[in-house]
>>> print(open('my_file.txt').read())   # compact mmCIF, C-alpha atoms
# COMPACT_ATOMS: atom_id res chain seq x y z
CA MET H 23 92.75 123.41 77.22
CA THR H 24 89.04 124.01 77.48
CA ALA H 25 87.22 124.00 80.79
CA ILE H 26 85.19 121.00 81.83
CA PHE H 27 81.92 122.98 81.50
CA SER H 28 80.92 122.96 77.86
CA PRO H 29 77.92 122.22 75.61
CA HIS H 30 79.31 118.68 75.39
CA GLN H 31 79.26 118.07 79.14
CA PHE H 32 76.56 115.37 79.33
CA GLU H 33 77.76 113.69 76.15
CA ASP H 34 81.37 113.78 77.36
CA SER H 35 80.48 112.13 80.67
CA TYR H 36 78.54 109.38 78.93
CA PHE H 37 81.25 108.43 76.46
CA MET H 38 84.02 108.76 79.05
CA GLN H 39 82.16 106.27 81.22
CA LEU H 40 82.22 103.86 78.29
CA ALA H 41 85.98 104.45 77.97
CA ILE H 42 86.37 103.67 81.68
CA GLU H 43 84.52 100.39 81.16
CA GLN H 44 86.94 99.60 78.37
CA ALA H 45 89.90 100.36 80.62
CA ARG H 46 88.51 98.11 83.35
CA GLN H 47 89.08 95.10 81.09
CA GLY H 48 92.82 95.51 81.58
CA ILE H 49 93.07 95.97 85.35
CA TYR H 50 94.41 92.44 85.96
CA THR H 51 96.80 92.24 83.01
CA THR H 52 98.47 95.59 82.30
CA ARG H 53 100.96 95.78 85.19
CA PRO H 54 103.15 97.72 85.49
CA ASN H 55 101.38 99.88 82.90
CA PRO H 56 98.15 101.69 83.81
CA ALA H 57 94.78 100.41 82.61
CA VAL H 58 93.55 102.76 79.88
CA GLY H 59 90.47 102.81 77.67
CA CYS H 60 89.56 104.79 74.55
CA VAL H 61 86.30 105.40 72.70
CA ILE H 62 86.11 107.24 69.35
CA VAL H 63 82.84 109.02 68.56
CA LYS H 64 81.60 110.83 65.44
CA ASP H 65 78.16 112.41 65.11
CA LYS H 66 77.28 110.82 68.49
CA GLN H 67 77.97 107.34 67.08
CA ILE H 68 80.73 105.09 68.41
CA GLN H 69 83.25 104.36 65.67
CA GLY H 70 85.84 102.45 67.65
CA MET H 71 86.73 101.24 71.14
CA GLY H 72 89.81 99.74 72.71
CA PHE H 73 91.81 99.14 75.89
CA HIS H 74 95.43 98.47 76.75
CA PRO H 75 95.63 94.71 77.40
CA LYS H 76 99.23 94.16 78.46
CA ALA H 77 102.62 95.88 78.78
CA GLY H 78 104.42 95.79 75.44
CA MET H 79 101.19 95.54 73.45
CA PRO H 80 99.52 98.50 71.67
CA HIS H 81 97.82 101.13 73.79
CA ALA H 82 94.07 101.72 73.95
CA GLU H 83 94.09 104.51 71.35
CA VAL H 84 95.72 102.24 68.76
CA TYR H 85 93.01 99.59 69.05
CA ALA H 86 90.23 102.19 68.94
CA LEU H 87 91.72 103.92 65.90
CA ALA H 88 92.12 100.62 64.08
CA GLU H 89 88.46 99.83 64.66
CA ALA H 90 87.35 103.31 63.61
CA SER H 91 89.56 103.30 60.49
CA ASP H 92 88.71 106.22 58.15
CA ASP H 93 85.81 107.25 60.38
CA ALA H 94 88.34 108.62 62.89
CA GLN H 95 88.74 111.66 60.64
CA GLY H 96 87.01 114.59 62.39
CA ALA H 97 85.92 112.41 65.33
CA THR H 98 86.27 112.89 69.10
CA ALA H 99 88.49 110.53 71.10
CA TYR H 100 87.65 109.87 74.76
CA VAL H 101 90.70 108.62 76.68
CA THR H 102 90.85 107.73 80.38
CA LEU H 103 94.49 108.86 80.74
CA GLU H 104 96.51 111.43 78.83
CA PRO H 105 97.86 109.92 75.57
CA CYS H 106 101.59 109.22 75.74
CA SER H 107 103.94 111.55 73.90
CA HIS H 108 107.13 109.47 73.98
CA THR H 109 108.37 106.39 72.18
CA GLY H 110 108.77 103.46 74.54
CA ARG H 111 107.93 99.87 73.69
CA THR H 112 105.18 101.35 71.49
CA PRO H 113 104.97 104.60 69.44
CA PRO H 114 103.41 107.75 70.97
CA CYS H 115 99.60 107.64 71.02
CA ALA H 116 99.27 111.43 70.78
CA GLN H 117 100.95 111.26 67.38
CA ALA H 118 98.65 108.42 66.29
CA LEU H 119 95.59 110.53 67.14
CA ILE H 120 97.00 113.44 65.16
CA GLN H 121 97.76 111.30 62.12
CA ALA H 122 94.27 109.80 62.20
CA GLY H 123 92.69 113.25 61.85
CA ILE H 124 90.98 113.32 65.26
CA SER H 125 89.50 116.81 65.80
CA ARG H 126 88.89 116.71 69.57
CA VAL H 127 90.32 114.69 72.48
CA VAL H 128 88.62 114.41 75.86
CA ILE H 129 90.91 113.21 78.65
CA ALA H 130 89.83 112.10 82.10
CA GLY H 131 93.11 113.10 83.71
CA LEU H 132 96.70 114.03 82.90
CA ASP H 133 99.41 111.40 83.25
CA PRO H 134 101.82 112.26 86.12
CA ASN H 135 104.50 110.01 84.61
CA PRO H 136 107.49 112.36 84.06
CA LYS H 137 107.77 110.98 80.52
CA VAL H 138 104.32 112.40 79.74
CA ALA H 139 103.18 114.95 82.37
CA GLY H 140 101.10 117.20 80.12
CA ARG H 141 103.26 116.86 77.01
CA GLY H 142 100.76 114.55 75.32
CA ALA H 143 97.95 117.09 75.68
CA LYS H 144 100.26 119.88 74.54
CA MET H 145 101.29 117.92 71.45
CA LEU H 146 97.62 117.51 70.52
CA GLN H 147 96.91 121.21 70.99
CA GLN H 148 99.89 122.23 68.92
CA ALA H 149 98.45 120.11 66.11
CA GLY H 150 95.22 122.15 66.26
CA ILE H 151 93.20 119.54 68.14
CA GLU H 152 90.72 120.74 70.76
CA VAL H 153 91.58 119.21 74.14
CA THR H 154 89.29 118.91 77.17
CA VAL H 155 90.72 117.62 80.44
CA GLY H 156 88.87 116.66 83.62
CA VAL H 157 85.89 114.50 82.65
CA GLN H 158 85.07 111.63 85.06
CA THR H 159 88.52 112.09 86.58
CA GLN H 160 87.81 110.44 89.93
CA GLN H 161 86.23 107.37 88.36
CA ALA H 162 89.09 106.96 85.91
CA GLU H 163 91.80 107.44 88.53
CA ALA H 164 90.22 104.73 90.71
CA LEU H 165 91.42 102.18 88.14
CA ASN H 166 95.07 103.21 88.53
CA GLN H 167 95.53 104.32 92.12
CA GLY H 168 98.88 102.56 92.42
CA PHE H 169 100.36 103.85 89.17
CA LEU H 170 99.26 107.41 89.89
CA LYS H 171 100.53 107.40 93.49
CA ALA H 172 103.88 105.92 92.43
CA MET H 173 104.34 108.53 89.70
CA ARG H 174 103.47 111.36 92.10
CA HIS H 175 105.11 110.19 95.33
CA GLN H 176 107.36 107.21 94.47
CA LEU H 177 105.29 105.07 96.83
CA PRO H 178 102.84 102.28 95.94
CA TYR H 179 99.16 102.17 96.83
CA VAL H 180 98.93 99.86 99.85
CA ARG H 181 95.92 97.66 100.56
CA LEU H 182 95.68 95.70 103.79
CA LYS H 183 93.45 92.63 103.62
CA ILE H 184 92.14 91.10 106.84
CA ALA H 185 89.86 88.11 107.37
CA THR H 186 88.29 88.38 110.80
CA SER H 187 85.58 87.09 113.09
CA MET H 188 82.80 89.27 114.47
CA ASP H 189 84.91 89.93 117.56
CA GLY H 190 87.89 91.11 115.54
CA ARG H 191 90.01 87.96 115.72
CA THR H 192 92.03 86.52 112.86
CA ALA H 193 93.33 83.18 114.19
CA LEU H 194 93.26 80.97 117.22
CA ALA H 195 96.05 81.31 119.77
CA SER H 196 97.68 78.28 118.15
CA GLY H 197 97.85 80.13 114.83
CA GLU H 198 95.10 78.07 113.17
CA SER H 199 93.10 80.27 110.79
CA LYS H 200 91.92 78.06 107.90
CA TRP H 201 89.25 79.01 107.27
CA ILE H 202 87.51 81.85 109.06
CA THR H 203 85.79 83.27 105.99
CA GLY H 204 83.93 81.37 103.30
CA THR H 205 84.78 80.26 99.78
CA GLN H 206 83.31 83.33 98.09
CA ALA H 207 85.32 85.73 100.25
CA ARG H 208 88.52 83.82 99.48
CA GLU H 209 87.67 83.97 95.80
CA ASP H 210 87.18 87.72 96.10
CA VAL H 211 90.70 88.01 97.55
CA GLN H 212 91.98 86.60 94.25
CA LYS H 213 90.85 89.84 92.60
CA LEU H 214 92.92 91.85 95.07
CA ARG H 215 95.96 89.68 94.36
CA ALA H 216 95.46 89.98 90.61
CA ARG H 217 95.60 93.78 90.90
CA SER H 218 98.78 93.71 93.00
CA GLY H 219 102.38 93.91 91.91
CA ALA H 220 103.50 92.48 95.25
CA ILE H 221 102.05 90.69 98.27
CA ILE H 222 103.71 91.45 101.59
CA THR H 223 103.54 88.94 104.41
CA GLY H 224 105.49 88.04 107.52
CA SER H 225 107.74 85.11 108.33
CA GLN H 226 105.27 83.90 110.98
CA THR H 227 102.54 83.60 108.35
CA ILE H 228 104.88 81.46 106.22
CA ILE H 229 105.69 79.23 109.20
CA ASP H 230 102.08 78.92 110.37
CA ASP H 231 100.21 78.62 107.07
CA ASN H 232 102.73 77.78 104.30
CA PRO H 233 100.62 79.85 101.86
CA SER H 234 101.15 79.93 98.09
CA LEU H 235 100.05 83.61 97.84
CA ASN H 236 99.50 83.34 94.09
CA VAL H 237 96.75 84.23 91.64
CA ARG H 238 95.00 81.02 90.64
CA SER H 239 91.35 81.96 90.08
CA GLN H 240 89.72 80.94 86.82
CA SER H 241 86.91 83.47 87.41
CA LEU H 242 88.69 86.77 86.76
CA GLY H 243 87.26 87.10 83.26
CA VAL H 244 90.71 86.94 81.67
CA ASN H 245 93.15 84.21 80.74
CA LEU H 246 95.05 83.35 83.93
CA GLN H 247 98.29 83.13 81.95
CA ASP H 248 97.93 86.84 81.07
CA VAL H 249 97.89 87.88 84.73
CA PRO H 250 101.41 88.74 86.00
CA GLN H 251 101.98 86.84 89.24
CA PRO H 252 102.66 89.24 92.12
CA LYS H 253 106.08 89.32 93.72
CA ILE H 254 106.07 87.76 97.19
CA VAL H 255 107.79 89.90 99.84
CA ILE H 256 108.44 88.30 103.23
CA LEU H 257 109.33 90.45 106.21
CA ASP H 258 111.91 88.52 108.21
CA ARG H 259 113.40 91.00 110.62
CA ARG H 260 114.58 88.21 112.94
CA GLN H 261 116.04 86.26 109.98
CA ARG H 262 114.20 83.06 110.86
CA LEU H 263 113.78 81.88 107.28
CA GLN H 264 117.41 81.16 106.34
CA LYS H 265 117.26 77.62 107.68
CA LEU H 266 113.76 77.08 106.34
CA ALA H 267 114.72 78.15 102.82
CA GLN H 268 116.14 74.71 102.15
CA GLN H 269 112.89 72.98 103.05
CA SER H 270 110.92 72.20 99.89
CA SER H 271 107.71 72.02 101.92
CA PHE H 272 107.64 75.83 102.13
CA THR H 273 106.14 76.72 98.76
CA VAL H 274 106.89 80.43 98.66
CA LEU H 275 110.53 80.05 99.72
CA ASN H 276 111.21 78.07 96.56
CA ASN H 277 109.58 80.68 94.36
CA PRO H 278 112.17 82.73 92.41
CA ASN H 279 109.69 85.61 92.54
CA THR H 280 110.11 85.86 96.32
CA VAL H 281 112.02 88.63 98.09
CA ILE H 282 113.02 88.41 101.77
CA TRP H 283 113.29 91.79 103.50
CA SER H 284 115.03 91.99 106.88
CA ASP H 285 115.17 95.78 107.34
CA SER H 286 112.69 97.31 109.78
CA ASP H 287 112.10 100.41 107.63
CA LEU H 288 108.76 99.71 105.95
CA GLU H 289 108.65 102.93 103.94
CA ALA H 290 112.09 102.09 102.55
CA LEU H 291 110.71 98.72 101.46
CA LEU H 292 107.79 100.35 99.65
CA ARG H 293 110.06 102.83 97.87
CA HIS H 294 112.38 99.96 96.93
CA LEU H 295 109.49 98.04 95.38
CA VAL H 296 108.58 101.03 93.21
CA ALA H 297 112.13 101.90 92.15
CA GLU H 298 113.53 98.40 91.69
CA TYR H 299 110.56 96.33 90.50
CA GLN H 300 107.94 98.83 89.23
CA VAL H 301 105.52 97.57 91.85
CA TYR H 302 102.77 100.17 92.15
CA ASP H 303 100.05 98.24 94.02
CA VAL H 304 100.84 96.30 97.20
CA LEU H 305 98.59 93.87 99.07
CA ILE H 306 99.40 93.01 102.68
CA GLU H 307 98.28 89.54 103.73
CA ALA H 308 99.90 89.01 107.09
CA GLY H 309 99.41 88.49 110.80
CA SER H 310 98.60 91.12 113.37
CA GLN H 311 102.20 92.20 113.98
CA VAL H 312 102.96 93.06 110.34
CA ALA H 313 99.49 94.51 109.74
CA GLY H 314 99.75 96.62 112.87
CA SER H 315 103.20 97.88 111.90
CA PHE H 316 101.96 99.18 108.55
CA VAL H 317 98.88 100.84 110.08
CA ASP H 318 100.94 102.33 112.91
CA SER H 319 103.39 103.74 110.32
CA GLN H 320 100.44 105.32 108.44
CA LEU H 321 101.41 103.49 105.26
CA VAL H 322 98.05 101.81 104.58
CA ASP H 323 95.89 103.55 101.97
CA GLU H 324 93.02 101.06 102.01
CA MET H 325 91.75 98.34 104.32
CA VAL H 326 89.68 95.46 102.96
CA ILE H 327 88.11 93.52 105.81
CA TYR H 328 86.17 90.29 105.35
CA GLN H 329 84.14 89.70 108.51
CA ALA H 330 82.77 86.21 109.11
CA PRO H 331 79.65 85.50 111.20
CA CYS H 332 81.59 83.70 113.94
CA VAL H 333 83.25 84.39 117.29
CA LEU H 334 86.75 83.20 118.23
CA GLY H 335 87.08 84.51 121.77
CA ASN H 336 89.46 86.75 123.66
CA GLU H 337 92.49 84.44 123.51
CA ALA H 338 92.47 84.37 119.71
CA LYS H 339 94.83 86.65 117.78
CA PRO H 340 93.68 90.24 117.12
CA MET H 341 93.36 91.98 113.75
CA LEU H 342 96.20 94.37 114.57
CA THR H 343 98.95 94.43 117.16
CA MET H 344 99.84 98.01 117.98
CA THR H 345 99.81 100.27 121.03
CA LEU H 346 98.39 103.77 121.38
CA ASP H 347 99.15 106.00 124.34
CA LYS H 348 96.55 108.64 123.54
CA LEU H 349 93.20 108.44 121.77
CA TYR H 350 94.16 111.26 119.38
CA GLN H 351 96.87 108.99 117.97
CA GLN H 352 94.31 106.62 116.49
CA PRO H 353 94.67 106.05 112.73
CA LEU H 354 91.42 107.12 111.10
CA PHE H 355 89.74 105.52 108.09
CA SER H 356 86.58 106.27 106.12
CA TYR H 357 84.06 103.65 105.01
CA GLN H 358 83.83 103.39 101.23
CA SER H 359 81.60 100.34 100.79
CA VAL H 360 79.89 97.53 102.65
CA GLN H 361 78.63 94.43 100.87
CA MET H 362 77.80 90.79 101.41
CA VAL H 363 80.22 88.28 99.88
CA GLY H 364 78.66 84.89 100.44
CA ASN H 365 77.94 84.71 104.18
CA ASP H 366 80.62 87.25 105.02
CA ILE H 367 80.62 91.06 105.09
CA LYS H 368 83.22 92.90 103.01
CA LEU H 369 84.21 96.32 104.32
CA VAL H 370 86.37 98.69 102.29
CA LEU H 371 87.87 101.67 104.06
CA THR H 372 90.38 104.27 102.96
CA LYS H 373 92.75 106.46 104.96
CA ALA H 374 90.89 109.52 106.21
CA ASP H 375 92.05 112.89 104.91
>>> encode(input="my_file.txt", output="structure tokens")
Amino acid sequence: MTAIFSPHQFEDSYFMQLAIEQARQGIYTTRPNPAVGCVIVKDKQIQGMGFHPKAGMPHAEVYALAEASDDAQGATAYVTLEPCSHTGRTPPCAQALIQAGISRVVIAGLDPNPKVAGRGAKMLQQAGIEVTVGVQTQQAEALNQGFLKAMRHQLPYVRLKIATSMDGRTALASGESKWITGTQAREDVQKLRARSGAIITGSQTIIDDNPSLNVRSQSLGVNLQDVPQPKIVILDRRQRLQKLAQQSSFTVLNNPNTVIWSDSDLEALLRHLVAEYQVYDVLIEAGSQVAGSFVDSQLVDEMVIYQAPCVLGNEAKPMLTMTLDKLYQQPLFSYQSVQMVGNDIKLVLTKAD
């Protein structure tokens, strides 16, 4: 494989960015498959573009090749993830690129899926195709953090969402929390749910709020019917929900997509979700006890905090319930972005290295 530094460097970055934009169109619909985009270029002119829309449907390369048709001969293909080399629900994309007469393939990053893991790039090279790996890798991997982490570590990417007041409170002492943040912040949460294979909550949240925890936004830019609804996982370590399961008033408990987990081992739960259900992205929407347990166990990769311009007072419930004996034990996060969402502030932080 050629090094990233080449006479094509600027051109490669430009067209790979276009491929990333193609891939972004599938982030809500491709689960459990990764979102992938492809752009085919010949003589600096785009001949075809495509993205993977949904599991079981053709991959990005197939759509781009179909659009390029005969102009794919001698062209360069820019792909955000290594082309597959195996036959699954669809034929191998590496073979499709070879058959189309592509002369060069630029790949943002290799696929850590054991079924691929460098074999796609090797197949292309063995066919005499020039392969460049490592263009816009970080930007491309940001689209598939869950898939990549699950393939590498058998654990999902975990996001913790919190809606809080300025003084770090998430509900009144009575449990009342509807609504601390505004309409636009709640709409933004729909995007987080749409990217998630599962939503984890606690039994107390079910009892207090009776949430639906589904994706229902009509503003995602895709047909809502094409978005796989996330699995609902309820932590019920005290097994309080058995009696409530018969009550039709509790929406989630009557959802066949709901899983009740009574074990206290949170890492075991996350590994179970990957192995059993192909859940690669998890969103935690829960009270302070559950949220604090995940942070304390160092299982949270990303925190998304919506902070409303209000104060709830010291008797209201905190963001996290957890106890530290020493300051050095504090979980550390790094700010990634700060933005206004309506009248609220959205903070995105990731686990510090």
>>> atom_distance(input="my_file.txt", atom1="atom CA of H:Ser239", atom2="atom CA of H:Lys368")
18.8 Å
>>> closest_residue(input="my_file.txt", among="H:Glu289, H:Arg262, H:Asp248, H:Ala330", to="H:Thr205", atoms="all atoms listed in the file")
H:Ala330
>>> residues_around(input="my_file.txt", residues="H:Pro136", least_positions_apart="4", cutoff="12 Å", atoms="all atoms listed in the file", output="list in words")
Cys106, Ser107, His108, Leu132, Gly140, Arg141, Gly142, Leu170, Ala172, Met173, Arg174, His175 and Gln176 of chain H
>>> write_last_selection(input="my_file.txt", atoms="C-alpha atoms", output="PDB file, in the frame of the given file")
ATOM      1  CA  CYS H 106     101.590 109.220  75.740  1.00  0.00           C
ATOM      2  CA  SER H 107     103.940 111.550  73.900  1.00  0.00           C
ATOM      3  CA  HIS H 108     107.130 109.470  73.980  1.00  0.00           C
ATOM      4  CA  LEU H 132      96.700 114.030  82.900  1.00  0.00           C
ATOM      5  CA  GLY H 140     101.100 117.200  80.120  1.00  0.00           C
ATOM      6  CA  ARG H 141     103.260 116.860  77.010  1.00  0.00           C
ATOM      7  CA  GLY H 142     100.760 114.550  75.320  1.00  0.00           C
ATOM      8  CA  LEU H 170      99.260 107.410  89.890  1.00  0.00           C
ATOM      9  CA  ALA H 172     103.880 105.920  92.430  1.00  0.00           C
ATOM     10  CA  MET H 173     104.340 108.530  89.700  1.00  0.00           C
ATOM     11  CA  ARG H 174     103.470 111.360  92.100  1.00  0.00           C
ATOM     12  CA  HIS H 175     105.110 110.190  95.330  1.00  0.00           C
ATOM     13  CA  GLN H 176     107.360 107.210  94.470  1.00  0.00           C
TER      14      GLN H 176
END
>>> closest_residue(input="my_file.txt", among="H:Ala338, H:Ser225, H:Leu182, H:Arg238", to="H:Val326", atoms="all atoms listed in the file")
H:Leu182
>>> residues_around(input="my_file.txt", residues="H:Asp210", least_positions_apart="6", cutoff="12 Å", atoms="all atoms listed in the file", output="PDB file with C-alpha atoms, keeping the file's coordinate frame")
ATOM      1  CA  LYS H 183      93.450  92.630 103.620  1.00  0.00           C
ATOM      2  CA  ALA H 185      89.860  88.110 107.370  1.00  0.00           C
ATOM      3  CA  THR H 203      85.790  83.270 105.990  1.00  0.00           C
ATOM      4  CA  GLY H 204      83.930  81.370 103.300  1.00  0.00           C
ATOM      5  CA  ALA H 216      95.460  89.980  90.610  1.00  0.00           C
ATOM      6  CA  ARG H 217      95.600  93.780  90.900  1.00  0.00           C
ATOM      7  CA  VAL H 237      96.750  84.230  91.640  1.00  0.00           C
ATOM      8  CA  ARG H 238      95.000  81.020  90.640  1.00  0.00           C
ATOM      9  CA  SER H 239      91.350  81.960  90.080  1.00  0.00           C
ATOM     10  CA  GLN H 240      89.720  80.940  86.820  1.00  0.00           C
ATOM     11  CA  SER H 241      86.910  83.470  87.410  1.00  0.00           C
ATOM     12  CA  LEU H 242      88.690  86.770  86.760  1.00  0.00           C
ATOM     13  CA  VAL H 326      89.680  95.460 102.960  1.00  0.00           C
ATOM     14  CA  ILE H 327      88.110  93.520 105.810  1.00  0.00           C
ATOM     15  CA  TYR H 328      86.170  90.290 105.350  1.00  0.00           C
ATOM     16  CA  GLN H 361      78.630  94.430 100.870  1.00  0.00           C
ATOM     17  CA  MET H 362      77.800  90.790 101.410  1.00  0.00           C
ATOM     18  CA  VAL H 363      80.220  88.280  99.880  1.00  0.00           C
ATOM     19  CA  GLY H 364      78.660  84.890 100.440  1.00  0.00           C
ATOM     20  CA  ASP H 366      80.620  87.250 105.020  1.00  0.00           C
ATOM     21  CA  ILE H 367      80.620  91.060 105.090  1.00  0.00           C
ATOM     22  CA  LYS H 368      83.220  92.900 103.010  1.00  0.00           C
TER      23      LYS H 368
END
>>> closest_residue(input="my_file.txt", among="H:Ile42, H:Lys339, H:Gly168, H:Ser125", to="H:Ser196", atoms="all atoms listed in the file")
H:Lys339
>>> closest_residue(input="my_file.txt", among="H:Ala82, H:Leu349, H:Val157, H:Ala130", to="H:Gln31", atoms="all atoms listed in the file")
H:Val157
>>> atom_distance(input="my_file.txt", atom1="atom CA of H:Asn55", atom2="atom CA of H:Tyr179")
14.3 Å
>>> decode(input="my_file.txt", residues="stretch 364-372 of chain H", atoms="all heavy atoms", output="CSV table (one decimal), in the first residue's frame")
chain,number,residue,atom,x,y,z
H,364,GLY,N,-31.5,25.9,20.6
H,364,GLY,CA,-32.6,26.7,21.2
H,364,GLY,C,-32.0,27.6,22.3
H,364,GLY,O,-31.1,28.3,22.1
H,365,ASN,N,-32.7,27.5,23.5
H,365,ASN,CA,-32.2,28.3,24.6
H,365,ASN,C,-31.3,27.5,25.5
H,365,ASN,O,-30.9,28.0,26.6
H,365,ASN,CB,-33.4,28.8,25.4
H,365,ASN,CG,-34.2,29.8,24.7
H,365,ASN,OD1,-33.7,30.7,24.0
H,365,ASN,ND2,-35.5,29.8,24.9
H,366,ASP,N,-30.9,26.3,25.1
H,366,ASP,CA,-30.1,25.5,26.0
H,366,ASP,C,-28.7,25.4,25.4
H,366,ASP,O,-28.5,25.6,24.2
H,366,ASP,CB,-30.7,24.1,26.1
H,366,ASP,CG,-32.1,24.1,26.6
H,366,ASP,OD1,-32.3,24.8,27.6
H,366,ASP,OD2,-33.0,23.4,26.0
H,367,ILE,N,-27.7,25.0,26.2
H,367,ILE,CA,-26.3,24.7,25.8
H,367,ILE,C,-26.1,23.2,25.7
H,367,ILE,O,-26.5,22.5,26.6
H,367,ILE,CB,-25.3,25.3,26.8
H,367,ILE,CG1,-25.5,26.8,26.9
H,367,ILE,CG2,-23.9,24.9,26.4
H,367,ILE,CD1,-24.6,27.5,27.9
H,368,LYS,N,-25.6,22.8,24.5
H,368,LYS,CA,-25.2,21.4,24.3
H,368,LYS,C,-23.7,21.2,24.5
H,368,LYS,O,-23.0,21.8,23.7
H,368,LYS,CB,-25.7,20.9,23.0
H,368,LYS,CG,-25.3,19.5,22.7
H,368,LYS,CD,-25.7,19.1,21.2
H,368,LYS,CE,-25.3,17.7,20.9
H,368,LYS,NZ,-25.7,17.3,19.5
H,369,LEU,N,-23.3,20.4,25.4
H,369,LEU,CA,-21.9,20.1,25.6
H,369,LEU,C,-21.6,18.7,25.2
H,369,LEU,O,-22.4,17.8,25.7
H,369,LEU,CB,-21.5,20.3,27.1
H,369,LEU,CG,-21.9,21.6,27.8
H,369,LEU,CD1,-21.7,21.5,29.3
H,369,LEU,CD2,-21.1,22.7,27.2
H,370,VAL,N,-20.6,18.4,24.5
H,370,VAL,CA,-20.2,17.1,24.1
H,370,VAL,C,-18.8,16.9,24.6
H,370,VAL,O,-17.9,17.7,24.3
H,370,VAL,CB,-20.2,16.9,22.6
H,370,VAL,CG1,-19.8,15.5,22.2
H,370,VAL,CG2,-21.7,17.1,22.0
H,371,LEU,N,-18.6,15.8,25.4
H,371,LEU,CA,-17.3,15.5,26.0
H,371,LEU,C,-17.0,14.0,25.8
H,371,LEU,O,-17.9,13.2,25.7
H,371,LEU,CB,-17.3,15.8,27.5
H,371,LEU,CG,-17.7,17.1,28.0
H,371,LEU,CD1,-19.2,17.2,28.3
H,371,LEU,CD2,-16.9,17.5,29.3
H,372,THR,N,-15.8,13.7,25.6
H,372,THR,CA,-15.3,12.4,25.4
H,372,THR,C,-14.4,12.0,26.5
H,372,THR,O,-13.7,12.8,27.1
H,372,THR,CB,-14.7,12.1,24.1
H,372,THR,OG1,-13.6,13.0,23.9
H,372,THR,CG2,-15.7,12.3,22.9
